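Undergrad: mmCIF, C-alpha atoms, file coords-v5.cif:
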data_start
loop_
_atom_site.label_atom_id
_atom_site.label_comp_id
_atom_site.auth_asym_id
_atom_site.auth_seq_id
_atom_site.Cartn_x
_atom_site.Cartn_y
_atom_site.Cartn_z
CA MET A 1 -5.81 6.90 -4.19
CA LYS A 2 -6.85 9.30 -1.44
CA ASP A 3 -4.83 12.16 0.09
CA TYR A 4 -3.73 11.85 3.72
CA MET A 5 -1.88 14.12 6.12
CA VAL A 6 -0.04 12.28 8.86
CA ALA A 7 1.29 13.75 12.10
CA HIS A 8 4.05 11.40 13.21
CA THR A 9 4.66 12.17 16.90
CA PHE A 10 7.88 10.59 18.13
CA LYS A 11 7.49 8.18 21.03
CA SER A 12 10.80 9.29 22.58
CA GLU A 13 13.77 11.61 22.12
CA GLU A 14 15.75 8.53 21.05
CA HIS A 15 13.21 7.76 18.32
CA ARG A 16 13.34 11.37 17.12
CA ALA A 17 17.15 11.22 16.90
CA LYS A 18 17.00 7.91 14.97
CA HIS A 19 14.47 9.34 12.53
CA PHE A 20 16.44 12.47 11.68
CA GLU A 21 19.74 10.59 11.56
CA ALA A 22 18.31 8.08 9.08
CA SER A 23 16.50 10.77 7.08
CA SER A 24 19.65 12.84 6.68
CA GLN A 25 21.31 9.94 4.87
CA LEU A 26 18.50 9.39 2.33
CA THR A 27 18.57 11.08 -1.04
CA LEU A 28 15.40 12.31 -2.69
CA GLU A 29 15.95 9.70 -5.40
CA TYR A 30 16.13 6.92 -2.81
CA MET A 31 12.90 8.11 -1.19
CA ARG A 32 11.15 8.30 -4.57
CA GLU A 33 12.20 4.72 -5.35
CA HIS A 34 11.55 3.12 -1.95
CA MET A 35 8.59 4.98 -0.44
CA LYS A 36 6.05 4.12 -3.14
CA SER A 37 3.93 1.08 -3.86
CA ASP A 38 0.69 0.33 -5.65
CA SER A 39 -1.23 1.14 -2.45
CA ALA A 40 0.76 4.00 -0.81
CA SER A 41 2.96 6.78 -2.14
CA PHE A 42 4.93 9.20 0.06
CA GLN A 43 4.62 12.73 -1.36
CA MET A 44 6.18 15.29 0.95
CA ASN A 45 7.56 15.82 4.46
CA TRP A 46 7.76 18.77 6.82
CA GLY A 47 10.08 18.30 9.79
CA ASN A 48 12.23 20.09 12.34
CA PRO A 49 14.85 18.13 14.33
CA ASP A 50 14.02 20.26 17.39
CA GLU A 51 10.35 19.24 17.42
CA MET A 52 8.70 15.99 18.55
CA VAL A 53 6.46 15.75 15.48
CA THR A 54 6.98 15.55 11.73
CA TYR A 55 4.25 15.86 9.10
CA CYS A 56 3.84 13.89 5.88
CA TRP A 57 1.53 14.04 2.89
CA TRP A 58 0.66 10.64 1.43
CA LYS A 59 -1.45 9.34 -1.42
CA ALA A 60 -2.77 5.96 -0.34
CA GLU A 61 -5.64 3.52 -0.53
CA SER A 62 -6.00 3.49 3.27
CA PRO A 63 -4.26 4.33 6.56
CA ALA A 64 -3.20 0.67 6.79
CA ALA A 65 -1.38 1.01 3.45
CA ILE A 66 0.64 3.92 4.85
CA LEU A 67 1.62 1.96 7.95
CA SER A 68 2.54 -1.02 5.80
CA MET A 69 4.78 1.15 3.62
CA LEU A 70 6.50 2.59 6.71
CA GLY A 71 7.16 -0.91 8.04
CA GLU A 72 9.22 -0.97 11.26
CA MET A 73 9.70 2.79 11.02
CA ALA A 74 6.02 3.23 11.96
CA GLU A 75 6.87 1.97 15.46
CA LEU A 76 8.94 5.13 16.13
CA TYR A 77 5.79 7.27 16.16
CA ASP A 78 2.23 7.68 17.26
CA ASN A 79 0.69 8.07 13.79
CA ASP A 80 -2.31 10.38 13.48
CA ILE A 81 -3.53 9.67 9.94
CA LYS A 82 -6.26 11.92 8.54
CA GLU A 83 -7.87 11.68 5.11
CA MET A 84 -7.90 15.09 3.40
CA PRO A 85 -10.35 14.97 0.46
CA MET A 86 -10.10 18.72 -0.20
CA VAL A 87 -6.72 19.82 -1.58
CA ALA A 88 -6.07 23.34 -2.88
CA ASN A 89 -2.63 23.90 -4.39
CA VAL A 90 -1.87 27.62 -4.70
CA ALA A 91 1.92 27.20 -4.60
CA ASP A 92 4.09 29.86 -6.20
#
For this file, write the structure as structure tokens.

TA:
Amino acid sequence: MKDYMVAHTFKSEEHRAKHFEASSQLTLEYMREHMKSDSASFQMNWGNPDEMVTYCWWKAESPAAILSMLGEMAELYDNDIKEMPMVANVAD
């Protein structure tokens, strides 16, 4: 699978509120179990409830696989999906 960074820009304030409300009720275990398939695997999220964009790192076969995994949730955002073939992990 390829690495992708996705900027999910909320289509409205209402969509942003729905996203963060739903996200606050999901455990990490739930996300691990339900945000992965053979063609797309959610890795990490960076978000701020005061901003109109949230960022996600995905491993996926294609952008379409990411949108398929998101299902109806994908309609909350304008999804800017970029393949990132160069990954350098220098985390502490």

Undergrad: Which neighbours of Asn45 in chain A fall inside 9 Å, counting all atoms listed in the file, when residues of the same chain fewer than 2 positions from it are skipped, and could you give them as an MDAnalysis selection string?

TA: chainID A and resid 42:43 47 54:57

Undergrad: Using all atoms listed in the file, which protein or nucleic acid residues come within 12 Å of Ser23 in chain A? Drop anything in the same chain fewer than 4 positions from it, and give the result as a PyMOL selection string.

TA: chain A and resi 16-19+27-28+30-31+45-49+54+73

Undergrad: Work out how far CA of Ala64 in chain A is from CA of Ser37 in chain A, in Å to one decimal.

TA: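 Answer for the CA of Ser37 in chain A to CA of Ala64 in chain A separation: 12.8 Å.
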
Undergrad: Counting all atoms listed in the file, which of A:Glu72, A:Val90, A:Asp38, A:Glu83 gets nearest to Trp58 in chain A?

TA: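 Ranked by minimum distance to Trp58 in chain A, first place goes to A:Glu83.
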
Undergrad: Counting only C-alpha atoms, figure out which residue out of A:Glu75, A:Tyr4, A:Ser24, A:Ser12 gets nearest to Met44 in chain A.

TA: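 Closest to Met44 in chain A, using only C-alpha atoms: A:Tyr4.
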
Undergrad: Step by step, work through what the PyMOL selection byres ((chain A and resi 60) around 12) selects in the shown file, and finish by giving those residues as a PyMOL selection string.

TA: chain A and resi 1-6+35-43+57-59+61-69+81-85

Undergrad: Calculate how many Å separate CA of His8 in chain A from CA of Leu76 in chain A, rounding to one decimal.

TA: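 So the two atoms, CA of His8 in chain A and CA of Leu76 in chain A, lie 8.5 Å apart.
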
Undergrad: Could you tell me how far CA of Met52 in chain A lies from CA of Asn79 in chain A, in Å and to one decimal?

TA: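 Answer for the CA of Met52 in chain A to CA of Asn79 in chain A separation: 12.2 Å.
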